[in-house]
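Containing compact mmCIF, C-alpha atoms: query25.txt.
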# COMPACT_ATOMS: atom_id res chain seq x y z
CA MET A 330 100.71 97.65 121.81
CA ARG A 331 100.18 97.98 118.06
CA LYS A 332 96.77 99.06 116.80
CA VAL A 333 94.61 96.58 114.88
CA ILE A 334 92.80 98.35 112.06
CA PHE A 335 90.12 97.55 109.54
CA TYR A 336 90.42 99.79 106.47
CA GLY A 337 88.38 98.97 103.40
CA ALA A 338 85.48 99.72 101.08
CA ILE A 339 81.97 98.34 101.05
CA SER A 340 78.85 98.87 98.97
CA LEU A 341 76.01 100.82 100.60
CA ASP A 342 74.32 97.48 101.27
CA GLY A 343 77.36 96.20 103.16
CA TYR A 344 79.33 94.00 100.75
CA LEU A 345 83.13 93.82 100.53
CA ALA A 346 82.78 92.01 97.22
CA GLY A 347 79.86 91.15 94.98
CA LYS A 348 78.99 87.74 93.57
CA ASN A 349 82.04 85.76 92.38
CA GLU A 350 84.38 88.15 94.24
CA ASP A 351 83.32 90.99 91.94
CA LEU A 352 85.16 94.29 92.63
CA GLU A 353 84.28 96.04 89.38
CA TRP A 354 81.79 98.29 91.21
CA LEU A 355 84.64 99.61 93.39
CA LEU A 356 87.17 100.01 90.59
CA THR A 357 84.65 102.10 88.66
CA THR A 358 83.76 104.36 91.60
CA ASN A 359 85.14 107.85 91.25
CA THR A 360 87.33 108.59 94.27
CA GLY A 361 88.55 112.01 93.17
CA GLU A 362 92.25 112.79 93.07
CA THR A 363 93.30 111.70 96.54
CA THR A 364 92.08 109.28 99.17
CA SER A 365 93.27 108.55 102.69
CA TYR A 366 95.21 105.50 101.50
CA GLU A 367 98.70 106.98 101.03
CA GLU A 368 98.67 108.45 104.49
CA PHE A 369 97.18 105.26 105.97
CA ILE A 370 99.59 102.71 104.48
CA LYS A 371 102.56 104.56 105.96
CA THR A 372 101.28 103.68 109.43
CA ILE A 373 101.08 99.93 108.64
CA GLY A 374 103.78 97.37 109.44
CA THR A 375 101.82 94.16 108.94
CA VAL A 376 99.00 93.29 106.53
CA VAL A 377 96.70 90.38 107.45
CA MET A 378 94.48 88.79 104.81
CA GLY A 379 92.36 85.74 104.23
CA ARG A 380 93.43 83.39 101.44
CA ILE A 381 90.64 84.26 99.01
CA THR A 382 91.07 87.99 99.47
CA TYR A 383 94.82 87.58 98.90
CA GLN A 384 94.39 85.59 95.71
CA GLU A 385 91.76 87.99 94.35
CA ALA A 386 94.00 90.96 95.12
CA LEU A 387 96.93 89.34 93.31
CA LYS A 388 94.80 89.07 90.17
CA LEU A 389 94.36 92.84 90.24
CA THR A 390 98.13 93.42 90.40
CA ASN A 391 98.87 90.67 87.86
CA GLY A 392 100.84 88.84 90.51
CA ALA A 393 103.06 91.78 91.56
CA PRO A 394 103.67 91.96 95.34
CA LEU A 395 100.72 93.69 96.99
CA TYR A 396 102.41 95.57 99.82
CA PRO A 397 106.19 95.32 99.34
CA GLU A 398 106.96 97.50 102.37
CA GLN A 399 104.85 95.48 104.80
CA GLU A 400 105.05 92.08 106.43
CA MET A 401 102.28 89.87 104.94
CA ILE A 402 100.28 87.33 106.94
CA ILE A 403 97.90 85.12 104.95
CA PHE A 404 95.37 82.97 106.80
CA SER A 405 94.46 79.69 105.12
CA ARG A 406 92.99 76.53 106.58
CA ASN A 407 94.13 74.16 103.86
CA HIS A 408 96.97 75.66 101.84
CA GLU A 409 100.44 75.80 103.39
CA ILE A 410 102.01 77.94 100.70
CA ILE A 411 100.29 80.24 98.19
CA ASP A 412 102.28 81.85 95.39
CA GLY A 413 105.45 81.41 97.39
CA GLN A 414 103.92 83.06 100.46
CA LYS A 415 103.79 80.99 103.67
CA THR A 416 100.35 80.88 105.28
CA VAL A 417 99.03 80.64 108.83
CA SER A 418 96.30 78.19 109.84
CA SER A 419 96.11 78.78 113.59
CA ASP A 420 93.30 80.55 115.46
CA PRO A 421 93.25 84.18 114.21
CA VAL A 422 92.22 85.54 117.64
CA ALA A 423 95.20 84.05 119.49
CA TYR A 424 97.48 84.91 116.57
CA ILE A 425 96.50 88.59 116.41
CA LYS A 426 96.72 88.95 120.19
CA GLU A 427 100.36 87.84 120.01
CA LEU A 428 101.10 89.81 116.85
CA ARG A 429 99.95 93.13 118.31
CA GLU A 430 102.40 92.74 121.21
CA LYS A 431 105.38 92.68 118.83
CA ARG A 432 107.20 95.89 118.03
CA GLY A 433 106.39 97.69 114.82
CA LYS A 434 103.84 99.77 113.01
CA ASP A 435 100.13 99.02 113.07
CA ILE A 436 98.28 95.94 111.79
CA TRP A 437 95.87 96.15 108.87
CA LEU A 438 93.11 93.56 108.56
CA VAL A 439 92.06 93.41 104.93
CA GLY A 440 89.27 90.79 105.15
CA GLY A 441 87.04 88.99 104.41
CA ALA A 442 84.40 87.96 106.91
CA ASP A 443 85.84 84.48 107.66
CA LEU A 444 88.87 86.22 109.10
CA LEU A 445 87.11 89.31 110.44
CA THR A 446 84.14 87.74 112.23
CA PRO A 447 86.13 85.99 114.98
CA LEU A 448 88.28 89.12 115.42
CA ILE A 449 85.21 91.36 115.72
CA SER A 450 83.57 88.94 118.17
CA ALA A 451 86.76 89.03 120.29
CA ASN A 452 86.68 92.86 120.19
CA LEU A 453 90.17 93.02 118.71
CA ILE A 454 89.62 95.83 116.20
CA ASP A 455 90.79 99.20 117.51
CA HIS A 456 89.99 101.42 114.53
CA TRP A 457 87.55 101.17 111.63
CA TYR A 458 87.97 103.12 108.38
CA ILE A 459 85.04 102.16 106.18
CA GLN A 460 84.65 103.68 102.74
CA ILE A 461 81.10 103.45 101.41
CA ALA A 462 80.60 103.29 97.66
CA PRO A 463 77.28 104.53 96.17
CA VAL A 464 76.30 101.11 94.93
CA LEU A 465 73.75 98.42 95.80
CA LEU A 466 75.01 94.91 94.99
CA GLY A 467 72.28 92.73 96.47
CA LYS A 468 74.52 89.71 97.03
CA GLY A 469 78.13 88.92 97.85
CA LYS A 470 80.52 88.82 100.79
CA ARG A 471 79.47 90.99 103.66
CA LEU A 472 81.88 92.93 105.84
CA PHE A 473 79.63 92.21 108.82
CA ASP A 474 78.35 88.70 109.13
CA SER A 475 76.44 87.90 112.28
CA HIS A 476 78.93 88.25 115.18
CA SER A 477 78.82 88.23 118.96
CA LEU A 478 80.05 91.72 119.86
CA ASN A 479 77.54 94.31 121.04
CA THR A 480 79.31 97.58 121.67
CA ARG A 481 79.26 101.31 121.19
CA LEU A 482 82.13 102.86 119.23
CA ARG A 483 83.51 106.37 119.21
CA PHE A 484 82.78 108.32 116.03
CA VAL A 485 86.01 110.03 114.96
CA GLU A 486 85.31 111.71 111.64
CA MET A 487 83.87 111.43 108.16
CA ARG A 488 85.59 112.42 104.95
CA GLN A 489 84.54 112.50 101.35
CA PHE A 490 86.70 111.32 98.43
CA GLY A 491 84.79 111.78 95.20
CA GLU A 492 81.78 109.47 95.45
CA LEU A 493 83.27 107.58 98.41
CA VAL A 494 82.38 108.48 101.98
CA GLU A 495 84.90 107.38 104.60
CA LEU A 496 83.69 106.82 108.15
CA HIS A 497 86.25 106.50 110.92
CA TYR A 498 85.39 104.96 114.30
CA CYS A 499 87.49 103.62 117.15
CA LYS A 500 86.86 101.68 120.34
CA ALA A 501 85.00 103.89 122.80
CA ASN A 502 87.81 103.70 125.37
CA LEU A 503 90.51 104.82 122.93
CA PRO A 504 91.58 108.35 122.04
CA ARG A 505 90.56 109.46 118.54
CA VAL A 506 94.07 109.13 117.09
CA MET B 686 54.88 111.07 90.46
CA ARG B 687 55.52 111.08 94.20
CA LYS B 688 58.97 110.14 95.46
CA VAL B 689 59.43 106.91 97.41
CA ILE B 690 61.93 107.43 100.22
CA PHE B 691 63.74 105.33 102.76
CA TYR B 692 64.71 107.40 105.79
CA GLY B 693 66.00 105.63 108.89
CA ALA B 694 68.84 104.71 111.20
CA ILE B 695 71.03 101.62 111.26
CA SER B 696 73.94 100.40 113.33
CA LEU B 697 77.37 100.48 111.69
CA ASP B 698 76.99 96.74 111.06
CA GLY B 699 73.73 97.32 109.18
CA TYR B 700 70.88 96.57 111.60
CA LEU B 701 67.60 98.48 111.82
CA ALA B 702 66.90 96.78 115.14
CA GLY B 703 68.90 94.50 117.40
CA LYS B 704 67.78 91.17 118.83
CA ASN B 705 64.14 91.18 120.04
CA GLU B 706 63.48 94.44 118.14
CA ASP B 707 65.91 96.27 120.42
CA LEU B 708 66.17 100.04 119.69
CA GLU B 709 67.87 101.06 122.94
CA TRP B 710 71.18 101.58 121.09
CA LEU B 711 69.50 104.21 118.90
CA LEU B 712 67.60 105.95 121.68
CA THR B 713 70.86 106.35 123.60
CA THR B 714 72.80 107.74 120.63
CA ASN B 715 73.57 111.43 120.96
CA THR B 716 72.11 113.21 117.92
CA GLY B 717 72.95 116.76 118.96
CA GLU B 718 70.28 119.44 119.04
CA THR B 719 68.81 119.06 115.59
CA THR B 720 68.49 116.34 113.01
CA SER B 721 67.10 116.33 109.49
CA TYR B 722 63.80 114.84 110.71
CA GLU B 723 61.70 117.99 111.16
CA GLU B 724 62.50 119.17 107.67
CA PHE B 725 62.02 115.67 106.23
CA ILE B 726 58.62 114.87 107.76
CA LYS B 727 57.12 118.03 106.24
CA THR B 728 57.72 116.54 102.79
CA ILE B 729 55.84 113.30 103.60
CA GLY B 730 52.18 112.62 102.82
CA THR B 731 52.08 108.85 103.35
CA VAL B 732 53.97 106.62 105.79
CA VAL B 733 54.32 102.92 104.90
CA MET B 734 55.33 100.40 107.57
CA GLY B 735 55.44 96.69 108.17
CA ARG B 736 53.29 95.32 110.98
CA ILE B 737 56.11 94.55 113.42
CA THR B 738 57.77 97.91 112.91
CA TYR B 739 54.41 99.62 113.48
CA GLN B 740 53.70 97.74 116.68
CA GLU B 741 57.20 98.33 118.04
CA ALA B 742 56.95 102.04 117.23
CA LEU B 743 53.60 102.28 119.05
CA LYS B 744 55.25 100.93 122.19
CA LEU B 745 57.69 103.85 122.08
CA THR B 746 54.83 106.39 121.90
CA ASN B 747 52.72 104.50 124.46
CA GLY B 748 50.06 104.02 121.80
CA ALA B 749 49.79 107.68 120.75
CA PRO B 750 49.37 108.14 116.96
CA LEU B 751 52.78 107.97 115.32
CA TYR B 752 52.36 110.43 112.47
CA PRO B 753 49.06 112.29 112.93
CA GLU B 754 49.60 114.53 109.89
CA GLN B 755 50.26 111.64 107.49
CA GLU B 756 48.23 108.89 105.87
CA MET B 757 49.36 105.55 107.39
CA ILE B 758 49.66 102.31 105.41
CA ILE B 759 50.47 99.17 107.44
CA PHE B 760 51.40 95.97 105.61
CA SER B 761 50.41 92.75 107.32
CA ARG B 762 49.93 89.29 105.89
CA ASN B 763 47.66 87.93 108.63
CA HIS B 764 46.10 90.78 110.61
CA GLU B 765 43.28 92.76 109.04
CA ILE B 766 43.12 95.42 111.73
CA ILE B 767 45.81 96.43 114.23
CA ASP B 768 45.06 98.91 116.99
CA GLY B 769 42.14 100.24 115.00
CA GLN B 770 44.31 100.74 111.91
CA LYS B 771 43.30 98.91 108.72
CA THR B 772 46.11 96.95 107.13
CA VAL B 773 47.08 95.98 103.59
CA SER B 774 48.04 92.44 102.62
CA SER B 775 48.50 92.79 98.86
CA ASP B 776 51.82 92.73 96.99
CA PRO B 777 53.83 95.75 98.19
CA VAL B 778 55.43 96.32 94.77
CA ALA B 779 52.12 96.67 92.91
CA TYR B 780 50.67 98.66 95.81
CA ILE B 781 53.52 101.21 95.94
CA LYS B 782 53.51 101.60 92.16
CA GLU B 783 49.86 102.65 92.36
CA LEU B 784 50.31 104.72 95.48
CA ARG B 785 53.07 106.88 93.99
CA GLU B 786 50.82 107.86 91.10
CA LYS B 787 48.29 109.46 93.47
CA ARG B 788 48.50 113.16 94.24
CA GLY B 789 50.16 114.25 97.43
CA LYS B 790 53.44 114.64 99.22
CA ASP B 791 56.13 111.97 99.18
CA ILE B 792 56.01 108.40 100.50
CA TRP B 793 58.16 107.28 103.43
CA LEU B 794 59.08 103.60 103.77
CA VAL B 795 59.87 102.95 107.41
CA GLY B 796 60.80 99.24 107.21
CA GLY B 797 61.70 96.49 107.97
CA ALA B 798 63.32 94.18 105.49
CA ASP B 799 60.22 92.04 104.76
CA LEU B 800 58.64 95.15 103.31
CA LEU B 801 61.78 96.77 101.93
CA THR B 802 63.42 93.81 100.18
CA PRO B 803 60.78 93.41 97.44
CA LEU B 804 60.68 97.19 96.96
CA ILE B 805 64.48 97.40 96.64
CA SER B 806 64.52 94.46 94.23
CA ALA B 807 61.89 96.25 92.11
CA ASN B 808 64.06 99.42 92.15
CA LEU B 809 61.21 101.48 93.63
CA ILE B 810 63.21 103.55 96.12
CA ASP B 811 64.06 107.00 94.76
CA HIS B 812 65.93 108.45 97.73
CA TRP B 813 67.87 106.95 100.64
CA TYR B 814 68.57 108.84 103.86
CA ILE B 815 70.52 106.45 106.08
CA GLN B 816 71.68 107.55 109.51
CA ILE B 817 74.54 105.44 110.84
CA ALA B 818 74.88 105.06 114.61
CA PRO B 819 78.34 104.31 116.09
CA VAL B 820 77.30 100.91 117.37
CA LEU B 821 77.99 97.26 116.54
CA LEU B 822 75.02 95.03 117.36
CA GLY B 823 76.11 91.69 115.90
CA LYS B 824 72.60 90.36 115.37
CA GLY B 825 69.13 91.64 114.56
CA LYS B 826 67.07 92.86 111.60
CA ARG B 827 69.12 94.07 108.70
CA LEU B 828 68.15 97.00 106.51
CA PHE B 829 69.64 95.14 103.54
CA ASP B 830 68.80 91.48 103.27
CA SER B 831 69.96 89.75 100.14
CA HIS B 832 68.05 91.38 97.24
CA SER B 833 68.11 91.28 93.45
CA LEU B 834 68.97 94.86 92.51
CA ASN B 835 72.49 95.65 91.31
CA THR B 836 72.78 99.35 90.64
CA ARG B 837 74.85 102.47 91.09
CA LEU B 838 73.30 105.35 93.04
CA ARG B 839 74.05 109.05 93.01
CA PHE B 840 75.72 110.31 96.18
CA VAL B 841 73.95 113.52 97.21
CA GLU B 842 75.46 114.57 100.53
CA MET B 843 76.53 113.60 104.01
CA ARG B 844 75.65 115.40 107.21
CA GLN B 845 76.58 114.90 110.82
CA PHE B 846 74.12 115.11 113.73
CA GLY B 847 75.98 114.49 116.96
CA GLU B 848 77.24 110.92 116.76
CA LEU B 849 74.97 110.12 113.80
CA VAL B 850 76.20 110.35 110.23
CA GLU B 851 73.49 110.78 107.61
CA LEU B 852 74.19 109.61 104.06
CA HIS B 853 71.84 110.72 101.30
CA TYR B 854 71.71 108.93 97.94
CA CYS B 855 69.21 108.91 95.09
CA LYS B 856 68.70 106.92 91.92
CA ALA B 857 71.45 107.72 89.43
CA ASN B 858 68.98 109.08 86.86
CA LEU B 859 67.32 111.51 89.29
CA PRO B 860 68.35 115.06 90.15
CA ARG B 861 69.81 115.47 93.63
CA VAL B 862 66.69 117.11 95.05
Please express the file's structure as structure tokens.
Amino acid sequence: MRKVIFYGAISLDGYLAGKNEDLEWLLTTNTGETTSYEEFIKTIGTVVMGRITYQEALKLTNGAPLYPEQEMIIFSRNHEIIDGQKTVSSDPVAYIKELREKRGKDIWLVGGADLLTPLISANLIDHWYIQIAPVLLGKGKRLFDSHSLNTRLRFVEMRQFGELVELHYCKANLPRV
Amino acid sequence: MRKVIFYGAISLDGYLAGKNEDLEWLLTTNTGETTSYEEFIKTIGTVVMGRITYQEALKLTNGAPLYPEQEMIIFSRNHEIIDGQKTVSSDPVAYIKELREKRGKDIWLVGGADLLTPLISANLIDHWYIQIAPVLLGKGKRLFDSHSLNTRLRFVEMRQFGELVELHYCKANLPRV
């Protein structure tokens, strides 16, 4: 079975994005010369995003394909096609359960909370890589909205990349790698 | 001027306490043999708590004094005296601004969010020591409710105590110690 992974950055107060999808705080955070990203993306076969996250990310690349080596799955309730990319409107929990049974590299959940909350509540996330930026935003889109999972994780390791701290956890019943 | 410090543990999803003030998840987290607490508490002259936090903490000590070496300040809107301890009902922002001008060791804000949110919004917290437990709770009392401060902090260091990760930040214009 493929692993389902959250990998992404938040502010110290828990936001994936500030007001109006603001990511300036992250783009201006000093991450030093290397991060874990290059190593991470090589393990990923499928990238799963919510519609808003996808459209915001495309602005940052000026419309260039985000992850040309990976299969892209975009969840959207109301839009069938976005920028030429077909979208999925079915239940994310059932969809991800099927997707992880297919052959291939691992599955990366990019966010945001509309997509993540049902997947967290269904305990579908195997590994968490959370980078914490030294910023307080006060308002925005949280990584963790109220959800219905109550569980202990296994702490794997912490790493530092410039001003970013990366925390890695996995499900308590999984090995660390 | 005395430093105003937040020092405390949260779940990975950002809760100081779970539903019904639950702290079992923290008490069952393996912190190894030592933590930063012994060294930290020696620097503290005054402990500031909200009423609920104070009363929950007293349950854990079976009513024994929580911090016998420190001055205790309990904020409460409606109770003048709690367990023999006089409380304060004035505006926490004005109160802390005065308190930090008095001579003595540093000031520790214990929580919760009713007390912390106005102090965060007024940018009164000089140092943050946040211990992250490898637990998802889903619901409870957040450390960071929505607040009105938008600022970059200075990352000082990270330390590991068993399964706890401690992140230390300070205001960007302060030295690291």
Quiz item: Excluding same-chain residues fewer than 5 positions from stretch 842-853 of chain B, what lies within 10 Å of it counting all atoms listed in the file, as a ChimeraX atom specification?
Solution: /A:341,461,463,482-489,492,494,496 /B:691-696,711,714-721,812-819,861
Quiz item: Looking at A:Leu503, A:Val376, A:Leu465, A:Ile436, which one is nearest to A:Lys332, with distances taken over all atoms listed in the file?
Solution: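 Using all atoms listed in the file, the shortest distance to A:Lys332 belongs to A:Ile436.
Across A:Gln384, A:Thr357, A:Asn391, A:Asn502, the tightest approach to chain B is made by A:Thr357 when counting all atoms listed in the file.
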Quiz prompt | d(atom CA of A:Glu368, atom CA of A:Ser405) in Å | solution =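 Atom CA of A:Ser405 lies 29.1 Å from atom CA of A:Glu368.
For the set B:Glu783, B:Glu765, B:Glu756, B:Asp830, the residue with the smallest atom-to-atom gap to chain A is B:Asp830, counting all atoms listed in the file.
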Quiz item: What gap, in Å, lies between atom CA of B:Thr728 and atom CA of B:Tyr752?
Solution: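 Going from atom CA of B:Thr728 over to atom CA of B:Tyr752, I get 12.6 Å.
Compared by their closest atoms to chain A, and using all atoms listed in the file, the residues B:Gly703, B:Pro860, B:Lys727, B:Ile690 rank with B:Gly703 nearest.
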How would stretch 819-833 of chain B read, as a PDB file, in the coordinates of the input, once N, CA, C and O atoms are built in?
ATOM      1  N   PRO B 819      77.005 104.879 115.814  1.00  0.00           N
ATOM      2  CA  PRO B 819      78.340 104.310 116.090  1.00  0.00           C
ATOM      3  C   PRO B 819      78.254 103.103 117.013  1.00  0.00           C
ATOM      4  O   PRO B 819      78.771 103.139 118.135  1.00  0.00           O
ATOM      5  N   VAL B 820      77.619 102.063 116.533  1.00  0.00           N
ATOM      6  CA  VAL B 820      77.300 100.910 117.370  1.00  0.00           C
ATOM      7  C   VAL B 820      77.467  99.643 116.526  1.00  0.00           C
ATOM      8  O   VAL B 820      77.110  99.640 115.353  1.00  0.00           O
ATOM      9  N   LEU B 821      78.010  98.601 117.138  1.00  0.00           N
ATOM     10  CA  LEU B 821      77.990  97.260 116.540  1.00  0.00           C
ATOM     11  C   LEU B 821      77.005  96.420 117.336  1.00  0.00           C
ATOM     12  O   LEU B 821      77.126  96.340 118.567  1.00  0.00           O
ATOM     13  N   LEU B 822      76.036  95.818 116.659  1.00  0.00           N
ATOM     14  CA  LEU B 822      75.020  95.030 117.360  1.00  0.00           C
ATOM     15  C   LEU B 822      75.237  93.520 117.220  1.00  0.00           C
ATOM     16  O   LEU B 822      74.869  92.755 118.102  1.00  0.00           O
ATOM     17  N   GLY B 823      75.787  93.109 116.089  1.00  0.00           N
ATOM     18  CA  GLY B 823      76.110  91.690 115.900  1.00  0.00           C
ATOM     19  C   GLY B 823      74.980  90.858 115.351  1.00  0.00           C
ATOM     20  O   GLY B 823      75.212  89.968 114.530  1.00  0.00           O
ATOM     21  N   LYS B 824      73.761  91.142 115.799  1.00  0.00           N
ATOM     22  CA  LYS B 824      72.600  90.360 115.370  1.00  0.00           C
ATOM     23  C   LYS B 824      71.376  91.268 115.342  1.00  0.00           C
ATOM     24  O   LYS B 824      71.347  92.275 116.041  1.00  0.00           O
ATOM     25  N   GLY B 825      70.363  90.873 114.579  1.00  0.00           N
ATOM     26  CA  GLY B 825      69.130  91.640 114.560  1.00  0.00           C
ATOM     27  C   GLY B 825      68.506  91.650 113.190  1.00  0.00           C
ATOM     28  O   GLY B 825      68.679  90.716 112.415  1.00  0.00           O
ATOM     29  N   LYS B 826      67.748  92.739 112.899  1.00  0.00           N
ATOM     30  CA  LYS B 826      67.070  92.860 111.600  1.00  0.00           C
ATOM     31  C   LYS B 826      67.835  93.800 110.706  1.00  0.00           C
ATOM     32  O   LYS B 826      67.952  94.993 110.997  1.00  0.00           O
ATOM     33  N   ARG B 827      68.329  93.264 109.615  1.00  0.00           N
ATOM     34  CA  ARG B 827      69.120  94.070 108.700  1.00  0.00           C
ATOM     35  C   ARG B 827      68.247  95.006 107.865  1.00  0.00           C
ATOM     36  O   ARG B 827      67.143  94.629 107.470  1.00  0.00           O
ATOM     37  N   LEU B 828      68.780  96.186 107.547  1.00  0.00           N
ATOM     38  CA  LEU B 828      68.150  97.000 106.510  1.00  0.00           C
ATOM     39  C   LEU B 828      68.236  96.274 105.168  1.00  0.00           C
ATOM     40  O   LEU B 828      67.260  96.180 104.444  1.00  0.00           O
ATOM     41  N   PHE B 829      69.431  95.776 104.844  1.00  0.00           N
ATOM     42  CA  PHE B 829      69.640  95.140 103.540  1.00  0.00           C
ATOM     43  C   PHE B 829      69.778  93.630 103.687  1.00  0.00           C
ATOM     44  O   PHE B 829      70.858  93.144 103.995  1.00  0.00           O
ATOM     45  N   ASP B 830      68.678  92.917 103.491  1.00  0.00           N
ATOM     46  CA  ASP B 830      68.800  91.480 103.270  1.00  0.00           C
ATOM     47  C   ASP B 830      69.274  91.292 101.838  1.00  0.00           C
ATOM     48  O   ASP B 830      69.317  92.234 101.054  1.00  0.00           O
ATOM     49  N   SER B 831      69.616  90.077 101.514  1.00  0.00           N
ATOM     50  CA  SER B 831      69.960  89.750 100.140  1.00  0.00           C
ATOM     51  C   SER B 831      68.806  90.175  99.219  1.00  0.00           C
ATOM     52  O   SER B 831      67.640  89.896  99.505  1.00  0.00           O
ATOM     53  N   HIS B 832      69.098  90.915  98.153  1.00  0.00           N
ATOM     54  CA  HIS B 832      68.050  91.380  97.240  1.00  0.00           C
ATOM     55  C   HIS B 832      68.553  91.244  95.801  1.00  0.00           C
ATOM     56  O   HIS B 832      69.698  90.818  95.584  1.00  0.00           O
ATOM     57  N   SER B 833      67.707  91.566  94.829  1.00  0.00           N
ATOM     58  CA  SER B 833      68.110  91.280  93.450  1.00  0.00           C
ATOM     59  C   SER B 833      68.324  92.526  92.608  1.00  0.00           C
ATOM     60  O   SER B 833      68.249  92.479  91.380  1.00  0.00           O
TER      61      SER B 833
END
